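Reproduced below: final-v8.cif, with mmCIF, C-alpha atoms.
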data_entry
#
loop_
_atom_site.label_atom_id
_atom_site.label_comp_id
_atom_site.auth_asym_id
_atom_site.auth_seq_id
_atom_site.Cartn_x
_atom_site.Cartn_y
_atom_site.Cartn_z
CA MET D 1 0.00 0.00 0.00
CA LYS D 2 1.33 3.40 -0.98
CA ALA D 3 0.73 5.89 1.82
CA PRO D 4 -0.65 9.28 0.81
CA LYS D 5 1.80 12.16 1.01
CA ILE D 6 0.86 14.58 3.79
CA SER D 7 2.59 17.81 4.77
CA GLU D 8 4.58 17.92 7.98
CA ALA D 9 2.12 20.44 9.46
CA VAL D 10 -0.73 17.96 8.98
CA VAL D 11 1.36 15.13 10.39
CA ARG D 12 1.88 17.28 13.48
CA ARG D 13 -1.85 17.94 13.90
CA LEU D 14 -3.06 14.36 13.43
CA PRO D 15 -1.99 13.20 16.93
CA VAL D 16 -3.89 16.16 18.38
CA TYR D 17 -7.02 15.12 16.46
CA LEU D 18 -6.46 11.50 17.45
CA ARG D 19 -6.25 12.25 21.17
CA TYR D 20 -9.42 14.32 21.01
CA LEU D 21 -11.28 11.61 19.06
CA ILE D 22 -10.22 8.88 21.49
CA HIS D 23 -11.53 11.07 24.29
CA LEU D 24 -14.89 11.35 22.47
CA GLN D 25 -14.92 7.58 21.89
CA GLN D 26 -14.40 6.97 25.60
CA MET D 27 -17.45 9.15 26.22
CA GLN D 28 -19.49 7.08 23.75
CA VAL D 29 -19.78 9.93 21.24
CA LYS D 30 -20.44 8.51 17.77
CA THR D 31 -20.11 11.47 15.37
CA VAL D 32 -18.37 14.83 15.44
CA SER D 33 -18.43 17.85 13.12
CA SER D 34 -15.41 19.90 12.09
CA GLN D 35 -17.14 22.82 13.88
CA GLN D 36 -17.14 20.93 17.21
CA MET D 37 -13.57 19.75 16.68
CA GLY D 38 -12.44 23.23 15.75
CA LYS D 39 -14.05 24.84 18.76
CA THR D 40 -12.56 22.35 21.20
CA LEU D 41 -9.10 22.25 19.64
CA ASP D 42 -8.94 25.96 18.75
CA ILE D 43 -8.21 25.12 15.12
CA ASN D 44 -10.10 26.60 12.18
CA PRO D 45 -12.82 24.06 11.11
CA ALA D 46 -11.94 24.67 7.45
CA GLN D 47 -8.35 23.69 8.28
CA ILE D 48 -9.57 20.49 9.93
CA ARG D 49 -11.73 19.59 6.93
CA LYS D 50 -8.79 20.25 4.61
CA ASP D 51 -6.40 18.18 6.76
CA LEU D 52 -8.76 15.23 6.90
CA SER D 53 -9.78 15.39 3.23
CA SER D 54 -6.11 15.14 2.26
CA PHE D 55 -6.31 11.42 2.90
CA GLY D 56 -9.78 10.71 1.58
CA ASP D 57 -13.23 12.25 1.91
CA PHE D 58 -15.15 10.56 4.68
CA GLY D 59 -17.04 13.30 6.48
CA LYS D 60 -20.75 13.54 5.73
CA LYS D 61 -22.19 17.02 5.28
CA GLY D 62 -24.62 17.82 8.10
CA ILE D 63 -23.67 14.70 10.04
CA GLY D 64 -19.92 15.04 10.44
CA TYR D 65 -17.28 12.39 10.92
CA ASP D 66 -17.80 8.91 12.29
CA VAL D 67 -15.58 8.93 15.39
CA ASP D 68 -14.60 5.24 15.35
CA TYR D 69 -13.86 5.28 11.63
CA LEU D 70 -11.83 8.49 11.82
CA ILE D 71 -9.74 7.07 14.69
CA GLU D 72 -9.06 3.94 12.70
CA LYS D 73 -8.16 5.99 9.63
CA ILE D 74 -5.77 8.34 11.48
CA ARG D 75 -4.07 5.42 13.22
CA GLN D 76 -3.62 3.83 9.81
CA ILE D 77 -2.20 7.01 8.25
CA LEU D 78 0.21 7.49 11.16
CA LYS D 79 1.08 3.77 10.96
CA LEU D 80 0.07 3.31 14.57
CA ASP D 81 -1.78 0.11 13.71
CA GLN D 82 1.45 -1.82 14.12
CA GLU D 83 3.76 -2.47 17.06
CA ILE D 84 6.38 0.28 17.34
CA HIS D 85 9.31 -0.17 19.69
CA VAL D 86 11.22 2.87 20.89
CA ALA D 87 14.69 3.22 22.44
CA LEU D 88 15.72 6.03 24.75
CA VAL D 89 19.35 7.14 24.99
CA GLY D 90 20.35 9.24 28.01
CA ALA D 91 19.16 8.30 31.49
CA GLY D 92 19.46 11.73 33.11
CA HIS D 93 16.63 13.88 34.49
CA LEU D 94 15.02 14.23 31.08
CA GLY D 95 15.37 10.55 30.19
CA HIS D 96 13.85 9.67 33.54
CA ALA D 97 10.94 12.01 33.01
CA ILE D 98 10.27 10.77 29.50
CA SER D 99 10.44 7.09 30.37
CA ASN D 100 7.62 7.79 32.79
CA TYR D 101 5.52 8.84 29.79
CA ASN D 102 5.52 5.21 28.73
CA ALA D 103 2.21 4.78 30.47
CA TYR D 104 0.67 7.32 28.07
CA LEU D 105 1.92 5.72 24.90
CA ARG D 106 -0.92 3.92 23.23
CA ASP D 107 -1.40 1.89 20.09
CA ASN D 108 1.35 -0.65 20.70
CA MET D 109 3.99 2.07 20.85
CA ARG D 110 6.34 1.89 23.79
CA ILE D 111 9.86 2.47 25.04
CA VAL D 112 11.45 -0.98 25.31
CA ALA D 113 15.09 -0.13 26.02
CA ILE D 114 17.10 2.60 27.75
CA PHE D 115 20.80 3.28 27.20
CA ASP D 116 23.42 5.41 28.92
CA ASN D 117 27.20 5.41 28.65
CA ASP D 118 27.67 6.15 32.37
CA PRO D 119 28.76 2.88 34.06
CA ALA D 120 27.31 4.17 37.35
CA LYS D 121 23.84 4.15 35.79
CA GLN D 122 24.10 0.91 33.85
CA GLY D 123 22.25 -1.99 35.45
CA LYS D 124 19.88 0.32 37.33
CA THR D 125 16.20 0.30 36.46
CA ILE D 126 13.97 3.14 35.16
CA ALA D 127 10.28 2.56 34.49
CA GLY D 128 10.87 -1.18 34.60
CA LEU D 129 13.75 -1.11 32.10
CA VAL D 130 17.38 -1.89 32.91
CA ILE D 131 19.77 0.84 31.74
CA GLN D 132 22.11 -0.73 29.18
CA PRO D 133 25.53 0.36 27.90
CA LEU D 134 25.61 1.90 24.41
CA GLU D 135 27.73 -1.04 23.24
CA GLU D 136 24.55 -3.11 23.35
CA LEU D 137 22.59 -0.66 21.18
CA LYS D 138 23.03 -2.37 17.84
CA ASP D 139 22.15 -5.85 19.07
CA THR D 140 19.20 -4.65 21.11
CA VAL D 141 17.75 -2.60 18.24
CA LYS D 142 17.87 -5.73 16.10
CA GLN D 143 16.55 -8.15 18.71
CA ARG D 144 13.73 -5.91 19.95
CA GLN D 145 12.93 -4.59 16.47
CA ILE D 146 13.31 -0.99 17.65
CA ARG D 147 12.41 1.58 14.99
CA LEU D 148 12.28 4.96 16.73
CA ALA D 149 14.64 6.54 19.26
CA ILE D 150 14.57 9.41 21.72
CA ILE D 151 17.82 11.28 22.40
CA THR D 152 18.12 12.89 25.84
CA VAL D 153 21.91 13.09 26.13
CA PRO D 154 23.84 16.37 26.52
CA ALA D 155 24.34 18.48 23.38
CA ALA D 156 27.99 17.49 22.96
CA ALA D 157 27.13 13.77 22.77
CA ALA D 158 24.00 13.95 20.61
CA GLN D 159 25.52 13.68 17.13
CA ALA D 160 27.63 10.64 18.02
CA VAL D 161 24.61 8.95 19.59
CA ALA D 162 22.48 9.75 16.52
CA ASP D 163 25.15 8.27 14.24
CA GLN D 164 25.11 5.07 16.29
CA LEU D 165 21.31 4.92 16.25
CA ILE D 166 21.15 5.38 12.48
CA GLU D 167 23.93 2.84 11.99
CA ALA D 168 21.87 0.44 14.09
CA GLY D 169 18.90 0.86 11.75
CA ILE D 170 16.68 3.36 13.57
CA GLU D 171 14.17 5.05 11.22
CA GLY D 172 13.19 8.14 13.19
CA ILE D 173 14.68 10.22 16.00
CA LEU D 174 13.08 12.55 18.50
CA ASN D 175 15.96 14.77 19.57
CA PHE D 176 15.74 16.65 22.87
CA ALA D 177 19.40 17.70 22.88
CA PRO D 178 19.78 21.41 22.09
CA VAL D 179 21.83 20.81 18.96
CA ASN D 180 21.09 20.19 15.28
CA ILE D 181 21.62 16.59 14.25
CA ARG D 182 22.91 15.91 10.75
CA THR D 183 22.46 12.80 8.68
CA ASP D 184 22.67 11.76 5.06
CA ALA D 185 20.56 8.69 5.80
CA ASP D 186 16.85 8.47 5.11
CA VAL D 187 15.96 9.00 8.75
CA LYS D 188 13.41 11.51 9.99
CA ILE D 189 14.67 13.75 12.78
CA TYR D 190 12.40 15.88 14.94
CA HIS D 191 14.04 18.62 16.96
CA ALA D 192 11.99 18.66 20.14
CA ASP D 193 14.33 20.61 22.35
CA VAL D 194 12.94 23.33 24.52
CA THR D 195 15.09 26.09 23.02
CA SER D 196 13.82 25.62 19.47
CA SER D 197 10.23 25.23 20.62
CA LEU D 198 10.32 28.42 22.67
CA GLN D 199 11.98 30.28 19.80
CA SER D 200 9.18 29.18 17.47
CA LEU D 201 6.57 30.20 20.04
CA ALA D 202 8.15 33.64 20.33
CA TYR D 203 7.09 34.29 16.72
CA TYR D 204 3.50 34.46 17.92
CA LEU D 205 4.22 37.07 20.56
CA ASN D 206 2.69 40.45 20.07
CA ARG D 207 5.52 42.85 19.39
CA THR D 208 3.53 45.92 20.33
CA LYS D 209 2.64 44.66 23.75
CA LEU D 210 5.29 46.57 25.68
CA ASN D 211 4.71 50.25 26.39
CA SER D 212 7.55 52.70 25.99
CA ASP D 213 8.18 52.62 29.74
CA GLY D 214 8.52 48.83 29.58
CA SER D 215 5.13 48.19 31.20
CA ARG D 216 2.61 45.91 29.54
CA ASN D 217 -0.52 46.87 27.72
CA LYS D 218 -3.03 44.85 29.73
CA MET P 1 5.89 47.34 12.09
CA LYS P 2 3.64 44.66 10.66
CA ALA P 3 5.33 41.25 10.87
CA PRO P 4 5.14 39.09 7.73
CA LYS P 5 2.84 36.08 7.94
CA ILE P 6 4.78 32.83 7.89
CA SER P 7 3.47 29.27 7.94
CA GLU P 8 3.87 27.19 11.09
CA ALA P 9 6.19 24.79 9.26
CA VAL P 10 8.57 27.67 8.46
CA VAL P 11 8.32 28.98 12.01
CA ARG P 12 9.41 25.52 13.17
CA ARG P 13 12.41 25.46 10.84
CA LEU P 14 13.73 28.96 11.59
CA PRO P 15 15.24 28.00 15.00
CA VAL P 16 17.04 25.12 13.27
CA TYR P 17 18.49 27.56 10.70
CA LEU P 18 19.33 30.02 13.46
CA ARG P 19 21.26 27.49 15.51
CA TYR P 20 23.25 26.43 12.46
CA LEU P 21 24.01 30.04 11.48
CA ILE P 22 25.16 30.94 15.00
CA HIS P 23 27.46 27.95 14.85
CA LEU P 24 28.90 29.25 11.55
CA GLN P 25 29.26 32.72 13.05
CA GLN P 26 31.23 31.30 15.96
CA MET P 27 33.56 29.72 13.43
CA GLN P 28 34.03 33.11 11.69
CA VAL P 29 32.19 31.98 8.53
CA LYS P 30 30.86 35.03 6.68
CA THR P 31 28.63 33.66 3.92
CA VAL P 32 26.70 30.45 3.33
CA SER P 33 24.78 29.06 0.36
CA SER P 34 21.45 27.26 0.53
CA GLN P 35 23.33 24.23 -0.84
CA GLN P 36 25.69 24.18 2.13
CA MET P 37 22.85 24.75 4.57
CA GLY P 38 20.75 22.06 2.95
CA LYS P 39 23.52 19.50 3.02
CA THR P 40 24.31 20.11 6.68
CA LEU P 41 20.72 20.32 7.86
CA ASP P 42 19.38 17.59 5.56
CA ILE P 43 16.77 19.97 4.17
CA ASN P 44 16.17 20.56 0.46
CA PRO P 45 18.10 23.75 -0.58
CA ALA P 46 15.07 24.88 -2.61
CA GLN P 47 12.99 24.62 0.55
CA ILE P 48 15.51 26.74 2.43
CA ARG P 49 15.54 29.39 -0.30
CA LYS P 50 11.73 29.43 -0.29
CA ASP P 51 11.57 29.66 3.52
CA LEU P 52 14.02 32.53 3.64
CA SER P 53 12.53 34.40 0.68
CA SER P 54 9.15 34.42 2.43
CA PHE P 55 10.38 37.29 4.55
CA GLY P 56 12.36 39.18 1.98
CA ASP P 57 14.97 38.37 -0.64
CA PHE P 58 18.44 38.81 0.75
CA GLY P 59 20.49 35.95 -0.64
CA LYS P 60 22.88 36.81 -3.48
CA LYS P 61 23.09 34.39 -6.38
CA GLY P 62 26.52 32.77 -6.50
CA ILE P 63 27.54 34.25 -3.15
CA GLY P 64 24.82 33.05 -0.81
CA TYR P 65 23.56 34.56 2.40
CA ASP P 66 25.45 36.92 4.68
CA VAL P 67 25.59 34.94 7.94
CA ASP P 68 25.49 37.92 10.32
CA TYR P 69 22.64 39.57 8.47
CA LEU P 70 20.60 36.37 8.22
CA ILE P 71 20.99 35.76 11.96
CA GLU P 72 19.83 39.28 12.70
CA LYS P 73 16.90 38.88 10.32
CA ILE P 74 15.74 35.53 11.73
CA ARG P 75 16.01 36.83 15.29
CA GLN P 76 13.88 39.78 14.24
CA ILE P 77 11.26 37.60 12.57
CA LEU P 78 11.07 35.28 15.60
CA LYS P 79 10.96 38.37 17.83
CA LEU P 80 14.03 37.16 19.70
CA ASP P 81 15.50 40.67 19.62
CA GLN P 82 13.62 41.50 22.81
CA GLU P 83 13.77 40.16 26.36
CA ILE P 84 11.40 37.18 26.75
CA HIS P 85 10.66 35.86 30.21
CA VAL P 86 9.36 32.32 30.61
CA ALA P 87 7.56 30.62 33.51
CA LEU P 88 7.66 26.88 34.18
CA VAL P 89 4.79 25.15 35.99
CA GLY P 90 5.45 21.70 37.43
CA ALA P 91 8.66 20.98 39.33
CA GLY P 92 8.78 17.21 38.81
CA HIS P 93 11.41 15.22 36.87
CA LEU P 94 10.52 16.93 33.60
CA GLY P 95 10.39 20.42 35.10
CA HIS P 96 13.76 19.79 36.69
CA ALA P 97 15.25 18.62 33.41
CA ILE P 98 13.87 21.54 31.44
CA SER P 99 14.94 24.19 33.93
CA ASN P 100 18.46 22.92 33.36
CA TYR P 101 18.05 23.91 29.70
CA ASN P 102 18.06 27.51 30.84
CA ALA P 103 21.76 27.63 30.11
CA TYR P 104 21.02 26.97 26.43
CA LEU P 105 18.40 29.66 26.04
CA ARG P 106 19.91 32.55 24.15
CA ASP P 107 18.77 35.92 22.93
CA ASN P 108 17.49 37.26 26.23
CA MET P 109 15.06 34.38 26.60
CA ARG P 110 15.07 32.64 29.94
CA ILE P 111 13.01 30.87 32.57
CA VAL P 112 12.59 33.37 35.41
CA ALA P 113 10.03 31.60 37.64
CA ILE P 114 9.04 28.05 38.59
CA PHE P 115 5.72 27.06 40.15
CA ASP P 116 4.37 23.90 41.77
CA ASN P 117 1.28 23.33 43.89
CA ASP P 118 3.04 20.78 46.10
CA PRO P 119 3.83 22.51 49.44
CA ALA P 120 6.70 20.05 49.96
CA LYS P 121 8.44 21.48 46.89
CA GLN P 122 7.68 25.15 47.45
CA GLY P 123 10.61 27.17 48.76
CA LYS P 124 13.13 24.71 47.36
CA THR P 125 15.45 25.85 44.58
CA ILE P 126 15.87 24.52 41.02
CA ALA P 127 18.40 26.03 38.63
CA GLY P 128 18.71 29.04 40.93
CA LEU P 129 14.96 29.68 41.09
CA VAL P 130 12.80 29.26 44.19
CA ILE P 131 9.73 27.07 43.56
CA GLN P 132 6.65 29.23 44.17
CA PRO P 133 3.04 28.28 44.93
CA LEU P 134 0.57 28.71 42.04
CA GLU P 135 -1.24 31.38 44.05
CA GLU P 136 1.67 33.68 43.22
CA LEU P 137 1.41 33.04 39.46
CA LYS P 138 -0.65 36.07 38.51
CA ASP P 139 1.40 38.58 40.46
CA THR P 140 4.70 37.09 39.35
CA VAL P 141 3.70 37.06 35.66
CA LYS P 142 2.88 40.75 35.95
CA GLN P 143 5.93 41.74 37.98
CA ARG P 144 8.44 39.78 35.92
CA GLN P 145 6.69 40.52 32.61
CA ILE P 146 6.48 36.81 31.80
CA ARG P 147 5.09 36.13 28.32
CA LEU P 148 5.64 32.42 27.64
CA ALA P 149 5.04 29.39 29.86
CA ILE P 150 6.07 25.74 29.92
CA ILE P 151 3.63 23.21 31.39
CA THR P 152 5.19 20.10 32.91
CA VAL P 153 2.40 19.07 35.30
CA PRO P 154 0.54 15.72 35.09
CA ALA P 155 -2.14 15.41 32.40
CA ALA P 156 -5.03 15.78 34.84
CA ALA P 157 -3.81 19.17 36.06
CA ALA P 158 -2.73 20.68 32.72
CA GLN P 159 -5.96 22.34 31.62
CA ALA P 160 -6.48 24.09 34.95
CA VAL P 161 -2.89 25.31 34.93
CA ALA P 162 -3.27 26.55 31.34
CA ASP P 163 -6.44 28.43 32.29
CA GLN P 164 -4.58 30.14 35.12
CA LEU P 165 -1.64 31.00 32.86
CA ILE P 166 -3.88 32.50 30.20
CA GLU P 167 -5.87 34.38 32.84
CA ALA P 168 -2.55 35.77 34.09
CA GLY P 169 -1.76 37.12 30.62
CA ILE P 170 0.59 34.51 29.16
CA GLU P 171 0.79 34.71 25.33
CA GLY P 172 2.17 31.30 24.42
CA ILE P 173 2.35 27.86 26.05
CA LEU P 174 4.68 24.95 25.46
CA ASN P 175 2.69 22.00 26.78
CA PHE P 176 4.52 18.81 27.76
CA ALA P 177 1.51 17.23 29.48
CA PRO P 178 0.06 14.41 27.37
CA VAL P 179 -3.33 16.08 26.97
CA ASN P 180 -4.87 18.58 24.55
CA ILE P 181 -5.23 22.06 26.02
CA ARG P 182 -8.23 24.12 24.97
CA THR P 183 -8.57 27.85 24.96
CA ASP P 184 -10.74 30.49 23.37
CA ALA P 185 -8.11 33.12 24.05
CA ASP P 186 -5.62 34.35 21.47
CA VAL P 187 -2.82 32.25 22.93
CA LYS P 188 -0.56 29.98 20.89
CA ILE P 189 -0.25 26.47 22.29
CA TYR P 190 2.42 24.01 21.19
CA HIS P 191 1.87 20.39 22.09
CA ALA P 192 5.37 19.14 22.77
CA ASP P 193 4.54 15.97 24.61
CA VAL P 194 6.43 12.85 23.73
CA THR P 195 3.36 10.84 22.76
CA SER P 196 2.26 13.25 20.02
CA SER P 197 5.79 13.67 18.74
CA LEU P 198 6.38 9.93 18.49
CA GLN P 199 3.01 9.47 16.80
CA SER P 200 3.96 12.08 14.20
CA LEU P 201 7.34 10.43 13.70
CA ALA P 202 5.64 7.08 13.13
CA TYR P 203 4.17 8.51 9.94
CA TYR P 204 7.63 8.43 8.39
CA LEU P 205 8.19 4.77 9.18
CA ASN P 206 8.43 2.43 6.29
CA ARG P 207 5.39 0.21 6.40
CA THR P 208 6.91 -2.53 4.31
CA LYS P 209 9.90 -3.01 6.54
CA LEU P 210 8.60 -6.03 8.44
CA ASN P 211 8.74 -9.41 6.77
CA SER P 212 5.82 -11.80 7.06
CA ASP P 213 7.58 -13.68 9.84
CA GLY P 214 7.98 -10.43 11.77
CA SER P 215 11.70 -10.11 11.05
CA ARG P 216 13.12 -6.93 9.59
CA ASN P 217 14.27 -6.34 6.06
CA LYS P 218 17.79 -5.21 6.76
#

Let me see whether you can do it: turn the structure in this file into structure tokens.
Amino acid sequence: MKAPKISEAVVRRLPVYLRYLIHLQQMQVKTVSSQQMGKTLDINPAQIRKDLSSFGDFGKKGIGYDVDYLIEKIRQILKLDQEIHVALVGAGHLGHAISNYNAYLRDNMRIVAIFDNDPAKQGKTIAGLVIQPLEELKDTVKQRQIRLAIITVPAAAAQAVADQLIEAGIEGILNFAPVNIRTDADVKIYHADVTSSLQSLAYYLNRTKLNSDGSRNK
Amino acid sequence: MKAPKISEAVVRRLPVYLRYLIHLQQMQVKTVSSQQMGKTLDINPAQIRKDLSSFGDFGKKGIGYDVDYLIEKIRQILKLDQEIHVALVGAGHLGHAISNYNAYLRDNMRIVAIFDNDPAKQGKTIAGLVIQPLEELKDTVKQRQIRLAIITVPAAAAQAVADQLIEAGIEGILNFAPVNIRTDADVKIYHADVTSSLQSLAYYLNRTKLNSDGSRNK
């Protein structure tokens, strides 16, 4: 099956839609309109209709979308209808915090291995997983069929870790280290570090908000 | 000054360009071509040219972009040429980890206050900041002119915290809680939680990679 080509912006919104729809499903809601979705998610309903139509037209005018069907469809598009194993590299504060998110990962996606190159951490357990040395990365990725990885090591170590992950066959990386990761390989890298995210958010600030005396206009 | 309208995808890429350009600047590099940028950042050079032209044409054919000027321009577009104070709510593992990122925040952007509703945490210090009770949020946001906030509280508490932040006058929220945050206010919300990010990444997985016996094709 050839997957439809969707823009990165849409790919970013689909998990937001999915979470909302699963919430509706849990409340036994059967159909939802783009108006309702838009109001709850603070996204323009026309944008939602456009996003969803980009992978097939399955909303019914006046009735809206079938919640169960839309969930199934989004999971299919995002390829969440298969088991996806994730590795985490870097067992510091951030790695700790993120491994605790495991409970929230749905749809057969979960962190199955944690690595750190600090011998003092190796052998200890986080979120039920034993911290392994990086030397075991390649074998573990193969054995556990790990396809995605999360990098939570310091900036200086991130590129070397990414190189090892890609060499081991990882297909996508969520990078929390505050550094750009380079690769020639066909691997998708998301920069999820706080610095970049805050810098993007700053774009939406209102420049005229400060008065000449430095006080704010509200 | 009316800021140019840029798509969210471009706004997401600008910090990646900025970090790379600052790195070049530190190495005394004066000009850079979209080809060089594209190769290093693994982004199509045509995409880079398009992104940068969307806020004015300032690359020179055959010479490339002036590094210093491009940095200045991107900082201006992202509104990083002003002081931006950030609040963090939730002093757990994740809050701890993120407050340590403060050292990486550049361009006058920094976390200036940390809040947690757990009395056992209040008064303690993280990254040089005293953890305050949420009751002090509104006054502190005003006094410290805080404009952005990071939410690192558990899912169940996130919406209430967001409501308080928006009520206090926050203009943008980086939400790490694995839950959708709703608002009618003109506040930009980025969902940065690991679940959504991994779900988006899954889209780029190769569906045909698993063999029928479950083994991988490499």

| Do you know which residues the PyMOL selection byres ((chain D) within 7 of (chain P)) returns on this file, as number ranges by chain? | D: 9, 11-12, 15-16, 40-42, 77-80, 93-94, 96-97, 104-105, 171-172, 180, 182-184, 188, 195-196, 199-205

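Across the model, the gap from CA of Glu167 in chain P to CA of Asp118 in chain P is 21.0 Å.
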
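Across the model, the gap from CA of Ile146 in chain P to CA of Ile166 in chain P is 11.3 Å.
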
All residues 8 Å or closer to Ala168 in chain D, all atoms listed in the file, same chain fewer than 4 positions away omitted, as a short mmCIF file (atom, residue, chain, number, x, y, z; two decimals) with C-alpha atoms, keeping the file's coordinate frame:
data_model
loop_
_atom_site.label_atom_id
_atom_site.label_comp_id
_atom_site.auth_asym_id
_atom_site.auth_seq_id
_atom_site.Cartn_x
_atom_site.Cartn_y
_atom_site.Cartn_z
CA LEU D 137 22.59 -0.66 21.18
CA LYS D 138 23.03 -2.37 17.84
CA VAL D 141 17.75 -2.60 18.24
CA LYS D 142 17.87 -5.73 16.10
CA GLN D 164 25.11 5.07 16.29
#

| Explicit residue set for the PyMOL selection byres ((chain D and resi 112) around 9), as an MDAnalysis selection string | chainID D and resid 85:88 110:111 113:114 129 144 146

For C-alpha atoms, I'd like the residues from the last selection saved as a PDB file, in the coordinates of the input.
ATOM      1  CA  HIS D  85       9.310  -0.170  19.690  1.00  0.00           C
ATOM      2  CA  VAL D  86      11.220   2.870  20.890  1.00  0.00           C
ATOM      3  CA  ALA D  87      14.690   3.220  22.440  1.00  0.00           C
ATOM      4  CA  LEU D  88      15.720   6.030  24.750  1.00  0.00           C
ATOM      5  CA  ARG D 110       6.340   1.890  23.790  1.00  0.00           C
ATOM      6  CA  ILE D 111       9.860   2.470  25.040  1.00  0.00           C
ATOM      7  CA  ALA D 113      15.090  -0.130  26.020  1.00  0.00           C
ATOM      8  CA  ILE D 114      17.100   2.600  27.750  1.00  0.00           C
ATOM      9  CA  LEU D 129      13.750  -1.110  32.100  1.00  0.00           C
ATOM     10  CA  ARG D 144      13.730  -5.910  19.950  1.00  0.00           C
ATOM     11  CA  ILE D 146      13.310  -0.990  17.650  1.00  0.00           C
TER      12      ILE D 146
END

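Interatomic distance, CA of Ala156 in chain D against CA of Lys124 in chain D: 23.8 Å.
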
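When all atoms listed in the file are used to compute distances to Asn117 in chain P, the closest of the residues P:Glu136, P:Asp68, P:Asp163, P:Asp81 turns out to be P:Glu136.
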
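Nearest residue to Gln35 in chain P among P:Ala160, P:Ile131, P:Ile63, P:Leu165 is P:Ile63, counting all atoms listed in the file.
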
| query | Once you count all atoms listed in the file, which residues end up no further than 12 Å from (23.5, 37.6, 8.6) in the file's frame, shown as an MDAnalysis selection string? | reply | chainID P and resid 17:18 20:22 24:25 28:33 52 58:59 64:76

Would you mind completing range 29-42 of chain D to N, CA and C atoms and writing the output as a CSV table (one decimal), in the frame of the given file?
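Full text of part_30.csv as output:
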chain,number,residue,atom,x,y,z
D,29,VAL,N,-19.3,9.0,22.3
D,29,VAL,CA,-19.8,9.9,21.2
D,29,VAL,C,-19.5,9.3,19.9
D,30,LYS,N,-20.5,9.3,19.0
D,30,LYS,CA,-20.4,8.5,17.8
D,30,LYS,C,-20.0,9.4,16.6
D,31,THR,N,-20.5,10.6,16.5
D,31,THR,CA,-20.1,11.5,15.4
D,31,THR,C,-19.7,12.8,15.9
D,32,VAL,N,-18.9,13.5,15.1
D,32,VAL,CA,-18.4,14.8,15.4
D,32,VAL,C,-18.2,15.7,14.2
D,33,SER,N,-18.6,16.9,14.3
D,33,SER,CA,-18.4,17.8,13.1
D,33,SER,C,-17.1,18.6,13.2
D,34,SER,N,-16.7,19.1,12.1
D,34,SER,CA,-15.4,19.9,12.1
D,34,SER,C,-15.6,21.2,12.9
D,35,GLN,N,-16.8,21.7,13.0
D,35,GLN,CA,-17.1,22.8,13.9
D,35,GLN,C,-16.9,22.5,15.3
D,36,GLN,N,-17.4,21.3,15.8
D,36,GLN,CA,-17.1,20.9,17.2
D,36,GLN,C,-15.6,20.7,17.5
D,37,MET,N,-15.0,20.0,16.5
D,37,MET,CA,-13.6,19.8,16.7
D,37,MET,C,-12.8,21.1,16.8
D,38,GLY,N,-13.1,22.0,15.8
D,38,GLY,CA,-12.4,23.2,15.8
D,38,GLY,C,-12.6,24.0,17.0
D,39,LYS,N,-13.8,24.1,17.6
D,39,LYS,CA,-14.0,24.8,18.8
D,39,LYS,C,-13.3,24.3,19.9
D,40,THR,N,-13.2,23.0,20.1
D,40,THR,CA,-12.6,22.4,21.2
D,40,THR,C,-11.0,22.5,21.1
D,41,LEU,N,-10.6,22.3,19.8
D,41,LEU,CA,-9.1,22.2,19.6
D,41,LEU,C,-8.5,23.6,19.3
D,42,ASP,N,-9.4,24.6,19.1
D,42,ASP,CA,-8.9,26.0,18.8
D,42,ASP,C,-8.2,25.9,17.4
